[in-house]
file structure_35.json (JSON, C-alpha atoms)
[["chain", "number", "residue", "atom", "x", "y", "z"],
["P", 1, "MET", "CA", -75.33, -46.16, 105.36],
["P", 2, "LYS", "CA", -72.16, -44.08, 105.56],
["P", 3, "THR", "CA", -69.29, -44.89, 103.20],
["P", 4, "SER", "CA", -66.83, -45.49, 106.07],
["P", 5, "LYS", "CA", -69.16, -48.07, 107.64],
["P", 6, "LYS", "CA", -69.63, -49.75, 104.27],
["P", 7, "THR", "CA", -65.86, -49.89, 103.82],
["P", 8, "ILE", "CA", -65.40, -51.56, 107.22],
["P", 9, "ILE", "CA", -68.20, -54.01, 106.52],
["P", 10, "VAL", "CA", -66.71, -54.95, 103.14],
["P", 11, "LEU", "CA", -63.12, -55.10, 104.43],
["P", 12, "PHE", "CA", -64.05, -57.38, 107.34],
["P", 13, "PRO", "CA", -64.48, -60.56, 105.21],
["P", 14, "VAL", "CA", -61.21, -59.75, 103.41],
["P", 15, "CYS", "CA", -59.47, -59.64, 106.82],
["P", 16, "ILE", "CA", -61.11, -62.94, 107.81],
["P", 17, "ILE", "CA", -59.87, -64.49, 104.55],
["P", 18, "LEU", "CA", -56.37, -63.19, 105.25],
["P", 19, "PHE", "CA", -56.45, -64.76, 108.74],
["P", 20, "ALA", "CA", -57.99, -67.94, 107.35],
["P", 21, "SER", "CA", -55.23, -68.21, 104.75],
["P", 22, "LEU", "CA", -52.58, -67.82, 107.44],
["P", 23, "PHE", "CA", -54.01, -69.71, 110.40],
["P", 24, "SER", "CA", -56.79, -72.01, 109.15],
["P", 25, "SER", "CA", -56.49, -75.55, 110.51],
["P", 26, "LYS", "CA", -55.41, -78.20, 108.02],
["P", 27, "TYR", "CA", -57.01, -81.02, 110.02],
["P", 28, "PRO", "CA", -60.14, -82.69, 108.60],
["P", 29, "ASP", "CA", -63.51, -81.22, 109.56],
["P", 30, "THR", "CA", -66.23, -83.04, 111.48],
["P", 31, "ILE", "CA", -67.84, -84.86, 108.54],
["P", 32, "GLU", "CA", -64.44, -86.00, 107.24],
["P", 33, "THR", "CA", -63.49, -87.14, 110.75],
["P", 34, "PHE", "CA", -66.80, -88.98, 111.04],
["P", 35, "ALA", "CA", -66.14, -90.64, 107.65],
["P", 36, "ILE", "CA", -62.65, -91.68, 108.81],
["P", 37, "ASN", "CA", -64.00, -93.01, 112.15],
["P", 38, "GLN", "CA", -66.77, -94.99, 110.43],
["P", 39, "GLY", "CA", -64.46, -96.19, 107.65],
["P", 40, "PHE", "CA", -66.20, -94.80, 104.56],
["P", 41, "LYS", "CA", -63.83, -91.93, 103.72],
["P", 42, "ASN", "CA", -62.57, -93.86, 100.65],
["P", 43, "GLN", "CA", -66.05, -93.62, 99.06],
["P", 44, "THR", "CA", -65.52, -89.91, 98.37],
["P", 45, "LYS", "CA", -65.79, -89.09, 94.66],
["P", 46, "GLU", "CA", -63.83, -86.06, 93.49],
["P", 47, "ILE", "CA", -65.88, -84.12, 90.94],
["P", 48, "VAL", "CA", -63.89, -80.99, 90.14],
["P", 49, "LEU", "CA", -65.68, -78.36, 88.07],
["P", 50, "ILE", "CA", -63.29, -75.41, 88.29],
["P", 51, "PHE", "CA", -60.80, -75.47, 91.19],
["P", 52, "ASN", "CA", -59.75, -78.50, 93.22],
["P", 53, "ASP", "CA", -59.52, -76.74, 96.58],
["P", 54, "TYR", "CA", -59.08, -73.28, 98.15],
["P", 55, "ASN", "CA", -55.32, -73.74, 98.48],
["P", 56, "ASP", "CA", -54.84, -75.51, 95.18],
["P", 57, "LEU", "CA", -55.33, -72.88, 92.47],
["P", 58, "PRO", "CA", -53.57, -74.11, 89.31],
["P", 59, "PHE", "CA", -51.84, -70.80, 88.56],
["P", 60, "ILE", "CA", -50.47, -70.12, 92.09],
["P", 61, "VAL", "CA", -47.86, -72.34, 93.73],
["P", 62, "ASN", "CA", -47.75, -70.64, 97.14],
["P", 63, "GLN", "CA", -50.38, -72.15, 99.44],
["P", 64, "PHE", "CA", -51.09, -68.95, 101.38],
["P", 65, "LEU", "CA", -51.51, -66.87, 98.21],
["P", 66, "SER", "CA", -53.66, -69.56, 96.64],
["P", 67, "SER", "CA", -55.96, -69.67, 99.66],
["P", 68, "PHE", "CA", -56.15, -65.87, 99.87],
["P", 69, "CYS", "CA", -56.88, -65.53, 96.13],
["P", 70, "SER", "CA", -59.56, -68.26, 96.38],
["P", 71, "GLY", "CA", -61.25, -66.30, 99.14],
["P", 72, "ILE", "CA", -61.16, -63.08, 97.13],
["P", 73, "ILE", "CA", -62.45, -64.90, 94.03],
["P", 74, "GLY", "CA", -65.29, -66.29, 96.17],
["P", 75, "LEU", "CA", -66.20, -62.82, 97.43],
["P", 76, "VAL", "CA", -66.13, -61.40, 93.90],
["P", 77, "LEU", "CA", -68.33, -64.25, 92.65],
["P", 78, "LEU", "CA", -70.87, -63.60, 95.39],
["P", 79, "TYR", "CA", -70.78, -59.89, 94.58],
["P", 80, "ILE", "CA", -71.45, -60.61, 90.89],
["P", 81, "LEU", "CA", -74.23, -63.05, 91.82],
["P", 82, "TYR", "CA", -76.05, -60.50, 93.97],
["P", 83, "LYS", "CA", -75.39, -57.71, 91.45],
["P", 84, "THR", "CA", -77.22, -59.88, 88.92],
["P", 85, "VAL", "CA", -80.07, -60.43, 91.38],
["P", 86, "LYS", "CA", -80.24, -56.66, 91.89],
["P", 87, "LEU", "CA", -80.61, -56.12, 88.15],
["P", 88, "PHE", "CA", -83.63, -58.43, 88.10],
["P", 89, "THR", "CA", -85.31, -56.84, 91.12],
["P", 90, "LYS", "CA", -85.30, -53.36, 89.54],
["S", 91, "MET", "CA", -70.39, -80.04, 107.53],
["S", 92, "HIS", "CA", -70.16, -80.19, 103.71],
["S", 93, "ILE", "CA", -71.04, -83.66, 102.42],
["S", 94, "PRO", "CA", -68.77, -84.61, 99.49],
["S", 95, "ASP", "CA", -69.90, -86.57, 96.42],
["S", 96, "GLY", "CA", -70.08, -90.34, 96.68],
["S", 97, "PHE", "CA", -71.64, -90.69, 100.13],
["S", 98, "LEU", "CA", -75.31, -90.44, 99.18],
["S", 99, "ASN", "CA", -77.29, -92.71, 96.88],
["S", 100, "ASN", "CA", -78.69, -91.42, 93.59],
["S", 101, "SER", "CA", -82.39, -91.31, 94.48],
["S", 102, "LEU", "CA", -81.73, -89.36, 97.68],
["S", 103, "THR", "CA", -79.39, -86.99, 95.83],
["S", 104, "VAL", "CA", -82.00, -86.28, 93.15],
["S", 105, "GLY", "CA", -84.81, -85.96, 95.71],
["S", 106, "LEU", "CA", -82.92, -83.49, 97.90],
["S", 107, "LEU", "CA", -81.71, -81.51, 94.89],
["S", 108, "SER", "CA", -85.30, -81.20, 93.63],
["S", 109, "GLY", "CA", -86.55, -80.18, 97.06],
["S", 110, "ALA", "CA", -83.77, -77.61, 97.42],
["S", 111, "SER", "CA", -84.58, -76.19, 93.96],
["S", 112, "VAL", "CA", -88.26, -75.79, 94.82],
["S", 113, "MET", "CA", -87.42, -74.15, 98.15],
["S", 114, "PHE", "CA", -84.86, -71.92, 96.42],
["S", 115, "GLY", "CA", -87.51, -70.78, 93.94],
["S", 116, "CYS", "CA", -90.02, -70.03, 96.72],
["S", 117, "CYS", "CA", -87.45, -68.09, 98.74],
["S", 118, "LEU", "CA", -86.29, -66.17, 95.66],
["S", 119, "LYS", "CA", -89.88, -65.16, 94.95],
["S", 120, "ARG", "CA", -90.37, -64.07, 98.57],
["S", 121, "VAL", "CA", -87.08, -62.15, 98.68],
["S", 122, "HIS", "CA", -87.91, -60.47, 95.37],
["S", 123, "LYS", "CA", -91.19, -59.34, 96.92],
["S", 124, "ILE", "CA", -89.35, -58.05, 100.02],
["S", 125, "ALA", "CA", -86.70, -56.30, 97.92],
["S", 126, "THR", "CA", -89.25, -54.52, 95.75],
["S", 127, "ALA", "CA", -91.14, -53.45, 98.85],
["S", 128, "ALA", "CA", -87.96, -52.51, 100.69],
["S", 129, "SER", "CA", -88.75, -48.85, 100.87],
["S", 130, "SER", "CA", -91.87, -49.57, 102.94],
["S", 131, "ILE", "CA", -89.88, -52.00, 105.13],
["S", 132, "ALA", "CA", -87.34, -49.28, 105.81],
["S", 133, "SER", "CA", -90.14, -46.97, 106.86],
["S", 134, "GLY", "CA", -91.15, -49.29, 109.67],
["S", 135, "SER", "CA", -93.09, -52.47, 108.88],
["S", 136, "ASN", "CA", -91.01, -55.61, 109.16],
["S", 137, "GLY", "CA", -93.23, -58.10, 110.93],
["S", 138, "SER", "CA", -94.73, -59.92, 107.99],
["S", 139, "THR", "CA", -91.59, -60.22, 105.92],
["S", 140, "GLY", "CA", -89.32, -61.80, 108.46],
["S", 141, "VAL", "CA", -86.74, -59.05, 108.05],
["S", 142, "CYS", "CA", -85.50, -57.98, 111.40],
["S", 143, "THR", "CA", -83.00, -56.29, 113.69],
["S", 144, "PHE", "CA", -80.34, -54.07, 112.14],
["S", 145, "GLU", "CA", -81.79, -51.23, 110.12],
["S", 146, "PHE", "CA", -78.85, -50.46, 107.89],
["S", 147, "PHE", "CA", -80.72, -50.42, 104.63],
["S", 148, "ASN", "CA", -83.17, -47.96, 103.14],
["S", 149, "GLY", "CA", -84.44, -49.37, 99.88],
["S", 150, "THR", "CA", -84.17, -52.07, 97.24],
["S", 151, "ASN", "CA", -80.52, -51.37, 96.45],
["S", 152, "GLU", "CA", -79.43, -51.39, 100.06],
["S", 153, "TYR", "CA", -81.46, -54.51, 100.81],
["S", 154, "ILE", "CA", -79.61, -56.46, 98.11],
["S", 155, "GLN", "CA", -76.36, -54.89, 99.33],
["S", 156, "LYS", "CA", -77.17, -56.19, 102.77],
["S", 157, "LEU", "CA", -77.66, -59.72, 101.41],
["S", 158, "THR", "CA", -74.36, -59.43, 99.51],
["S", 159, "ILE", "CA", -72.50, -58.34, 102.64],
["S", 160, "ILE", "CA", -73.99, -61.12, 104.77],
["S", 161, "ALA", "CA", -73.14, -63.69, 102.07],
["S", 162, "MET", "CA", -69.55, -62.38, 102.02],
["S", 163, "TRP", "CA", -69.29, -62.56, 105.83],
["S", 164, "VAL", "CA", -70.60, -66.13, 105.86],
["S", 165, "PHE", "CA", -68.36, -67.23, 102.98],
["S", 166, "SER", "CA", -65.23, -65.84, 104.62],
["S", 167, "SER", "CA", -66.17, -67.25, 108.04],
["S", 168, "GLN", "CA", -66.77, -70.70, 106.54],
["S", 169, "MET", "CA", -63.25, -70.61, 105.07],
["S", 170, "PHE", "CA", -61.76, -70.33, 108.57],
["S", 171, "ASN", "CA", -61.28, -73.84, 109.97],
["S", 172, "ILE", "CA", -60.75, -73.67, 113.71],
["S", 173, "PRO", "CA", -59.16, -76.62, 115.55],
["S", 174, "VAL", "CA", -61.71, -77.95, 118.06],
["S", 175, "GLN", "CA", -60.24, -81.22, 119.30],
["S", 176, "SER", "CA", -56.98, -82.97, 118.60],
["S", 177, "LYS", "CA", -56.72, -83.30, 114.82],
["S", 178, "ILE", "CA", -60.30, -82.12, 114.15],
["S", 179, "SER", "CA", -61.30, -78.75, 112.78],
["S", 180, "ALA", "CA", -64.64, -77.01, 112.38],
["S", 181, "HIS", "CA", -66.04, -73.91, 110.76],
["S", 182, "LEU", "CA", -69.09, -71.70, 111.09],
["S", 183, "ILE", "CA", -72.30, -72.67, 109.30],
["S", 184, "GLY", "CA", -73.70, -69.17, 109.75],
["S", 185, "GLY", "CA", -77.34, -70.16, 109.42],
["S", 186, "VAL", "CA", -78.53, -68.49, 112.62],
["S", 187, "PHE", "CA", -76.34, -65.42, 112.04],
["S", 188, "THR", "CA", -77.85, -64.98, 108.58],
["S", 189, "ALA", "CA", -81.45, -65.68, 109.56],
["S", 190, "VAL", "CA", -81.35, -63.33, 112.56],
["S", 191, "ILE", "CA", -80.25, -60.46, 110.30],
["S", 192, "VAL", "CA", -82.17, -61.01, 107.08],
["S", 193, "GLY", "CA", -84.97, -63.39, 108.07],
["S", 194, "PRO", "CA", -85.58, -67.05, 107.19],
["S", 195, "PHE", "CA", -86.29, -66.73, 103.45],
["S", 196, "ALA", "CA", -83.34, -64.50, 102.62],
["S", 197, "GLY", "CA", -81.27, -66.54, 105.10],
["S", 198, "PHE", "CA", -81.98, -69.68, 103.09],
["S", 199, "LEU", "CA", -80.96, -67.90, 99.87],
["S", 200, "VAL", "CA", -77.76, -66.47, 101.35],
["S", 201, "ILE", "CA", -76.55, -69.82, 102.73],
["S", 202, "SER", "CA", -77.57, -71.57, 99.49],
["S", 203, "SER", "CA", -75.69, -69.05, 97.36],
["S", 204, "VAL", "CA", -72.56, -69.51, 99.49],
["S", 205, "LEU", "CA", -72.86, -73.30, 99.18],
["S", 206, "ILE", "CA", -73.35, -73.06, 95.38],
["S", 207, "VAL", "CA", -70.18, -70.94, 95.00],
["S", 208, "GLN", "CA", -68.21, -73.25, 97.32],
["S", 209, "SER", "CA", -69.20, -76.47, 95.56],
["S", 210, "THR", "CA", -69.06, -75.29, 91.95],
["S", 211, "PHE", "CA", -65.86, -73.25, 92.13],
["S", 212, "PHE", "CA", -63.83, -74.74, 94.98],
["S", 213, "SER", "CA", -65.06, -78.36, 95.29],
["S", 214, "ASP", "CA", -65.95, -77.64, 98.93],
["S", 215, "GLY", "CA", -68.90, -79.99, 99.30],
["S", 216, "GLY", "CA", -70.04, -82.23, 96.47],
["S", 217, "ILE", "CA", -71.77, -80.78, 93.44],
["S", 218, "LEU", "CA", -74.19, -83.74, 93.39],
["S", 219, "ALA", "CA", -74.58, -83.52, 97.17],
["S", 220, "LEU", "CA", -75.49, -79.82, 96.88],
["S", 221, "GLY", "CA", -79.16, -80.57, 97.52],
["S", 222, "ALA", "CA", -78.29, -82.41, 100.74],
["S", 223, "ASN", "CA", -75.94, -79.64, 101.85],
["S", 224, "ILE", "CA", -78.57, -76.98, 101.14],
["S", 225, "PHE", "CA", -81.16, -79.02, 103.04],
["S", 226, "ASN", "CA", -78.86, -79.51, 106.05],
["S", 227, "MET", "CA", -77.27, -76.09, 106.30],
["S", 228, "ALA", "CA", -79.68, -73.67, 104.61],
["S", 229, "PHE", "CA", -83.06, -75.24, 105.36],
["S", 230, "ILE", "CA", -82.44, -76.82, 108.78],
["S", 231, "GLY", "CA", -79.47, -74.66, 109.78],
["S", 232, "SER", "CA", -80.98, -71.34, 108.81],
["S", 233, "PHE", "CA", -84.67, -71.43, 107.83],
["S", 234, "ILE", "CA", -85.98, -73.71, 110.61],
["S", 235, "SER", "CA", -83.47, -72.43, 113.17],
["S", 236, "TYR", "CA", -84.85, -68.92, 112.70],
["S", 237, "TYR", "CA", -88.20, -70.02, 114.12],
["S", 238, "VAL", "CA", -86.43, -71.62, 117.10],
["S", 239, "TYR", "CA", -84.62, -68.33, 117.63],
["S", 240, "LYS", "CA", -87.86, -66.37, 117.26],
["S", 241, "ALA", "CA", -89.65, -68.58, 119.81],
["S", 242, "VAL", "CA", -86.97, -68.18, 122.49],
["S", 243, "ALA", "CA", -86.00, -64.55, 121.68],
["S", 244, "ARG", "CA", -89.09, -63.27, 123.51],
["S", 245, "GLU", "CA", -87.51, -64.54, 126.76],
["S", 246, "ASN", "CA", -83.81, -63.83, 126.31],
["S", 247, "TYR", "CA", -81.72, -62.80, 123.29],
["S", 248, "TYR", "CA", -78.52, -64.67, 124.22],
["S", 249, "LEU", "CA", -80.44, -67.78, 125.26],
["S", 250, "ALA", "CA", -82.23, -67.64, 121.90],
["S", 251, "ILE", "CA", -78.90, -67.52, 120.04],
["S", 252, "LEU", "CA", -77.55, -70.42, 122.13],
["S", 253, "VAL", "CA", -80.63, -72.60, 121.65],
["S", 254, "SER", "CA", -80.96, -71.85, 117.94],
["S", 255, "CYS", "CA", -77.25, -72.46, 117.28],
["S", 256, "LEU", "CA", -77.36, -75.76, 119.18],
["S", 257, "PHE", "CA", -80.49, -76.71, 117.25],
["S", 258, "SER", "CA", -78.97, -75.55, 113.95],
["S", 259, "VAL", "CA", -75.74, -77.55, 114.17],
["S", 260, "LEU", "CA", -77.03, -80.64, 115.97],
["S", 261, "SER", "CA", -80.13, -81.06, 113.83],
["S", 262, "ALA", "CA", -78.09, -80.48, 110.65],
["S", 263, "ALA", "CA", -75.73, -83.22, 111.86],
["S", 264, "PHE", "CA", -78.72, -85.42, 112.75],
["S", 265, "PHE", "CA", -80.24, -85.06, 109.27],
["S", 266, "CYS", "CA", -76.82, -85.62, 107.71],
["S", 267, "LEU", "CA", -76.63, -88.90, 109.65],
["S", 268, "ILE", "CA", -80.14, -89.86, 108.48],
["S", 269, "GLU", "CA", -79.12, -89.17, 104.86],
["S", 270, "LEU", "CA", -75.98, -91.28, 105.25],
["S", 271, "SER", "CA", -77.85, -94.14, 106.89],
["S", 272, "VAL", "CA", -80.64, -94.04, 104.26],
["S", 273, "SER", "CA", -77.87, -94.28, 101.64],
["S", 274, "GLY", "CA", -76.57, -97.39, 103.41],
["S", 275, "ILE", "CA", -73.20, -95.85, 104.28],
["S", 276, "VAL", "CA", -73.51, -96.08, 108.06],
["S", 277, "HIS", "CA", -75.72, -97.75, 110.63],
["S", 278, "PHE", "CA", -77.81, -95.05, 112.31],
["S", 279, "SER", "CA", -77.88, -96.28, 115.91],
["S", 280, "SER", "CA", -74.22, -97.30, 116.10],
["S", 281, "SER", "CA", -72.90, -94.03, 114.66],
["S", 282, "PHE", "CA", -75.36, -91.62, 116.32],
["S", 283, "LYS", "CA", -73.20, -91.01, 119.41],
["S", 284, "ASN", "CA", -70.04, -90.40, 117.36],
["S", 285, "MET", "CA", -71.80, -87.90, 115.07],
["S", 286, "MET", "CA", -73.44, -85.94, 117.89],
["S", 287, "CYS", "CA", -70.31, -85.84, 120.08],
["S", 288, "LEU", "CA", -68.30, -84.48, 117.14],
["S", 289, "HIS", "CA", -70.85, -81.73, 116.54],
["S", 290, "LEU", "CA", -71.55, -80.70, 120.13],
["S", 291, "ILE", "CA", -68.34, -78.67, 120.35],
["S", 292, "VAL", "CA", -69.03, -77.28, 116.88],
["S", 293, "ALA", "CA", -72.45, -76.11, 118.08],
["S", 294, "LEU", "CA", -70.91, -74.27, 121.04],
["S", 295, "LEU", "CA", -68.31, -72.73, 118.73],
["S", 296, "GLU", "CA", -71.11, -71.69, 116.37],
["S", 297, "THR", "CA", -72.87, -69.95, 119.27],
["S", 298, "VAL", "CA", -69.80, -67.96, 120.29],
["S", 299, "ILE", "CA", -68.93, -66.91, 116.72],
["S", 300, "THR", "CA", -72.57, -66.02, 115.97],
["S", 301, "ILE", "CA", -72.80, -63.78, 119.04],
["S", 302, "VAL", "CA", -69.48, -62.11, 118.16],
["S", 303, "LEU", "CA", -70.47, -61.53, 114.52],
["S", 304, "LEU", "CA", -73.90, -60.17, 115.46],
["S", 305, "TRP", "CA", -72.37, -57.85, 118.05],
["S", 306, "LEU", "CA", -69.73, -56.71, 115.57],
["S", 307, "LEU", "CA", -72.27, -55.98, 112.85],
["S", 308, "LYS", "CA", -74.49, -54.13, 115.30],
["S", 309, "PHE", "CA", -71.47, -52.15, 116.57],
["S", 310, "ILE", "CA", -70.37, -51.15, 113.05],
["S", 311, "CYS", "CA", -73.92, -50.20, 112.00],
["S", 312, "LYS", "CA", -74.61, -48.03, 115.06]]

call {"tool": "encode", "arguments": {"input": "structure_35.json", "output": "structure tokens"}}
result
Amino acid sequence: MKTSKKTIIVLFPVCIILFASLFSSKYPDTIETFAINQGFKNQTKEIVLIFNDYNDLPFIVNQFLSSFCSGIIGLVLLYILYKTVKLFTK
Amino acid sequence: MHIPDGFLNNSLTVGLLSGASVMFGCCLKRVHKIATAASSIASGSNGSTGVCTFEFFNGTNEYIQKLTIIAMWVFSSQMFNIPVQSKISAHLIGGVFTAVIVGPFAGFLVISSVLIVQSTFFSDGGILALGANIFNMAFIGSFISYYVYKAVARENYYLAILVSCLFSVLSAAFFCLIELSVSGIVHFSSSFKNMMCLHLIVALLETVITIVLLWLLKFICK
């Protein structure tokens, strides 16, 4: 595949993350709404391993930047994960 | 669609986590086989492996690159919550999108890897409920949905995407409801209508986004 195509393909998720950080809805998703409607939302247990949420990184105060950085961190993590898989398939 | 911790009982959590681990192992083995044989896939044979459509890879390295790219697309798309009704948002599952491009086994792995990153690093979906989320979104939403797509795709491509996306989202929601009712959280029959109505719009949204993403990927890779 040509380098320019690869660049577009890799930049696309970054653009989506940028849009998501700016315009993503803050309303609860369908499962949360279902839990609220059925009255069992309070049974949620928060088990935080590393970060609490996309827009709640401990070292960034700004919500947009936090969300954008979370997205980029996620992409990097996936890249590292598949890079590791690639090493094992050789 | 991500179930948080605390909703499912312990036995169901352990059972689904075990099942997801076994399935993950099987799919990893299958994908490893496909990746090592990728050069022969690129030269033409793709029927037995389940790898299909866009031929933008030519070997082991590019096959893994392809999985990485699809995982990145799905991860970023799942971050984008779109308002669907008043005060309700929804996001892409991406199961059909993934399975159509990389096949059911790799599709399962891609969605699972995205879910693992989301739950372990960003608390998006419970870490204990990971097995349930993998079952709902990767197994039902991607692996099984691929065969629905494959069955209808002989007739019409767009109809196949529509049917498989509807199946993907609605059956994932259905199994989520079964898991919640087995855990004693909700009563199945009384909450069925609410669950399905909430996810019907999500299923239509999934169809539109899947078609757009597939078209976009095809357009870029031309």

call {"tool": "closest_atom_pairs", "arguments": {"input": "structure_35.json", "of": "chain P", "to": "chain S", "cutoff": "9 Å", "atoms": "all atoms listed in the file", "output": "JSON lines"}}
result
{"residue": "P:Met1", "atom": "CA", "partner": "S:Phe146", "partner_atom": "CA", "distance": 6.1}
{"residue": "P:Lys5", "atom": "CA", "partner": "S:Ile310", "partner_atom": "CA", "distance": 6.3}
{"residue": "P:Lys6", "atom": "CA", "partner": "S:Cys311", "partner_atom": "CA", "distance": 8.9}
{"residue": "P:Ile8", "atom": "CA", "partner": "S:Ile310", "partner_atom": "CA", "distance": 7.7}
{"residue": "P:Ile9", "atom": "CA", "partner": "S:Ile159", "partner_atom": "CA", "distance": 7.2}
{"residue": "P:Val10", "atom": "CA", "partner": "S:Ile159", "partner_atom": "CA", "distance": 6.7}
{"residue": "P:Phe12", "atom": "CA", "partner": "S:Trp163", "partner_atom": "CA", "distance": 7.5}
{"residue": "P:Pro13", "atom": "CA", "partner": "S:Trp163", "partner_atom": "CA", "distance": 5.2}
{"residue": "P:Val14", "atom": "CA", "partner": "S:Ser166", "partner_atom": "CA", "distance": 7.4}
{"residue": "P:Cys15", "atom": "CA", "partner": "S:Ser166", "partner_atom": "CA", "distance": 8.7}
{"residue": "P:Ile16", "atom": "CA", "partner": "S:Ser166", "partner_atom": "CA", "distance": 6.0}
{"residue": "P:Ile17", "atom": "CA", "partner": "S:Ser166", "partner_atom": "CA", "distance": 5.5}
{"residue": "P:Phe19", "atom": "CA", "partner": "S:Phe170", "partner_atom": "CA", "distance": 7.7}
{"residue": "P:Ala20", "atom": "CA", "partner": "S:Phe170", "partner_atom": "CA", "distance": 4.6}
{"residue": "P:Ser21", "atom": "CA", "partner": "S:Phe170", "partner_atom": "CA", "distance": 7.9}
{"residue": "P:Phe23", "atom": "CA", "partner": "S:Phe170", "partner_atom": "CA", "distance": 8.0}
{"residue": "P:Ser24", "atom": "CA", "partner": "S:Asn171", "partner_atom": "CA", "distance": 4.9}
{"residue": "P:Ser25", "atom": "CA", "partner": "S:Asn171", "partner_atom": "CA", "distance": 5.1}
{"residue": "P:Lys26", "atom": "CA", "partner": "S:Asn171", "partner_atom": "CA", "distance": 7.6}
{"residue": "P:Tyr27", "atom": "CA", "partner": "S:Lys177", "partner_atom": "CA", "distance": 5.3}
{"residue": "P:Pro28", "atom": "CA", "partner": "S:Ile178", "partner_atom": "CA", "distance": 5.6}
{"residue": "P:Asp29", "atom": "CA", "partner": "S:Ser179", "partner_atom": "CA", "distance": 4.6}
{"residue": "P:Thr30", "atom": "CA", "partner": "S:Leu288", "partner_atom": "CA", "distance": 6.2}
{"residue": "P:Ile31", "atom": "CA", "partner": "S:Met91", "partner_atom": "CA", "distance": 5.5}
{"residue": "P:Glu32", "atom": "CA", "partner": "S:Met91", "partner_atom": "CA", "distance": 8.4}
{"residue": "P:Thr33", "atom": "CA", "partner": "S:Ile178", "partner_atom": "CA", "distance": 6.9}
{"residue": "P:Phe34", "atom": "CA", "partner": "S:Met285", "partner_atom": "CA", "distance": 6.5}
{"residue": "P:Asn37", "atom": "CA", "partner": "S:Asn284", "partner_atom": "CA", "distance": 8.4}
{"residue": "P:Gln38", "atom": "CA", "partner": "S:Val276", "partner_atom": "CA", "distance": 7.2}
{"residue": "P:Phe40", "atom": "CA", "partner": "S:Ile275", "partner_atom": "CA", "distance": 7.1}
{"residue": "P:Lys41", "atom": "CA", "partner": "S:Phe97", "partner_atom": "CA", "distance": 8.7}
{"residue": "P:Gln43", "atom": "CA", "partner": "S:Gly96", "partner_atom": "CA", "distance": 5.7}
{"residue": "P:Thr44", "atom": "CA", "partner": "S:Gly96", "partner_atom": "CA", "distance": 4.9}
{"residue": "P:Lys45", "atom": "CA", "partner": "S:Gly96", "partner_atom": "CA", "distance": 4.9}
{"residue": "P:Glu46", "atom": "CA", "partner": "S:Asp95", "partner_atom": "CA", "distance": 6.8}
{"residue": "P:Ile47", "atom": "CA", "partner": "S:Gly216", "partner_atom": "CA", "distance": 7.2}
{"residue": "P:Val48", "atom": "CA", "partner": "S:Ser213", "partner_atom": "CA", "distance": 5.9}
{"residue": "P:Leu49", "atom": "CA", "partner": "S:Thr210", "partner_atom": "CA", "distance": 6.0}
{"residue": "P:Ile50", "atom": "CA", "partner": "S:Phe211", "partner_atom": "CA", "distance": 5.1}
{"residue": "P:Phe51", "atom": "CA", "partner": "S:Phe212", "partner_atom": "CA", "distance": 4.9}
{"residue": "P:Asn52", "atom": "CA", "partner": "S:Ser213", "partner_atom": "CA", "distance": 5.7}
{"residue": "P:Asp53", "atom": "CA", "partner": "S:Phe212", "partner_atom": "CA", "distance": 5.0}
{"residue": "P:Tyr54", "atom": "CA", "partner": "S:Phe212", "partner_atom": "CA", "distance": 5.9}
{"residue": "P:Ser70", "atom": "CA", "partner": "S:Phe212", "partner_atom": "CA", "distance": 7.9}
{"residue": "P:Gly71", "atom": "CA", "partner": "S:Ser166", "partner_atom": "CA", "distance": 6.8}
{"residue": "P:Ile72", "atom": "CA", "partner": "S:Ser166", "partner_atom": "CA", "distance": 9.0}
{"residue": "P:Gly74", "atom": "CA", "partner": "S:Val207", "partner_atom": "CA", "distance": 6.8}
{"residue": "P:Leu75", "atom": "CA", "partner": "S:Met162", "partner_atom": "CA", "distance": 5.7}
{"residue": "P:Val76", "atom": "CA", "partner": "S:Met162", "partner_atom": "CA", "distance": 8.9}
{"residue": "P:Leu77", "atom": "CA", "partner": "S:Val207", "partner_atom": "CA", "distance": 7.3}
{"residue": "P:Leu78", "atom": "CA", "partner": "S:Thr158", "partner_atom": "CA", "distance": 6.8}
{"residue": "P:Tyr79", "atom": "CA", "partner": "S:Thr158", "partner_atom": "CA", "distance": 6.1}
{"residue": "P:Leu81", "atom": "CA", "partner": "S:Ser203", "partner_atom": "CA", "distance": 8.3}
{"residue": "P:Tyr82", "atom": "CA", "partner": "S:Thr158", "partner_atom": "CA", "distance": 5.9}
{"residue": "P:Lys83", "atom": "CA", "partner": "S:Ile154", "partner_atom": "CA", "distance": 8.0}
{"residue": "P:Val85", "atom": "CA", "partner": "S:Ile154", "partner_atom": "CA", "distance": 7.8}
{"residue": "P:Lys86", "atom": "CA", "partner": "S:Ile154", "partner_atom": "CA", "distance": 6.3}
{"residue": "P:Phe88", "atom": "CA", "partner": "S:His122", "partner_atom": "CA", "distance": 8.7}
{"residue": "P:Thr89", "atom": "CA", "partner": "S:His122", "partner_atom": "CA", "distance": 6.2}
{"residue": "P:Lys90", "atom": "CA", "partner": "S:Thr126", "partner_atom": "CA", "distance": 7.5}

call {"tool": "atom_distance", "arguments": {"input": "structure_35.json", "atom1": "atom CA of S:Tyr248", "atom2": "atom CA of S:Phe264"}}
result
23.7 Å

call {"tool": "atom_distance", "arguments": {"input": "structure_35.json", "atom1": "atom CA of S:Ala219", "atom2": "atom CA of S:Thr103"}}
result
6.1 Å

call {"tool": "atom_distance", "arguments": {"input": "structure_35.json", "atom1": "atom CA of S:Val186", "atom2": "atom CA of S:Met113"}}
result
17.9 Å

call {"tool": "closest_residue", "arguments": {"input": "structure_35.json", "among": "S:Ser271, S:Asn246, S:Ser111, S:Thr300", "to": "S:Phe229", "atoms": "all atoms listed in the file"}}
result
S:Ser111

call {"tool": "residues_around", "arguments": {"input": "structure_35.json", "residues": "S:Phe195", "least_positions_apart": "2", "cutoff": "8 Å", "atoms": "all atoms listed in the file", "output": "PyMOL selection string"}}
result
chain S and resi 117-118+120-121+140+189+192-193+197-199+233
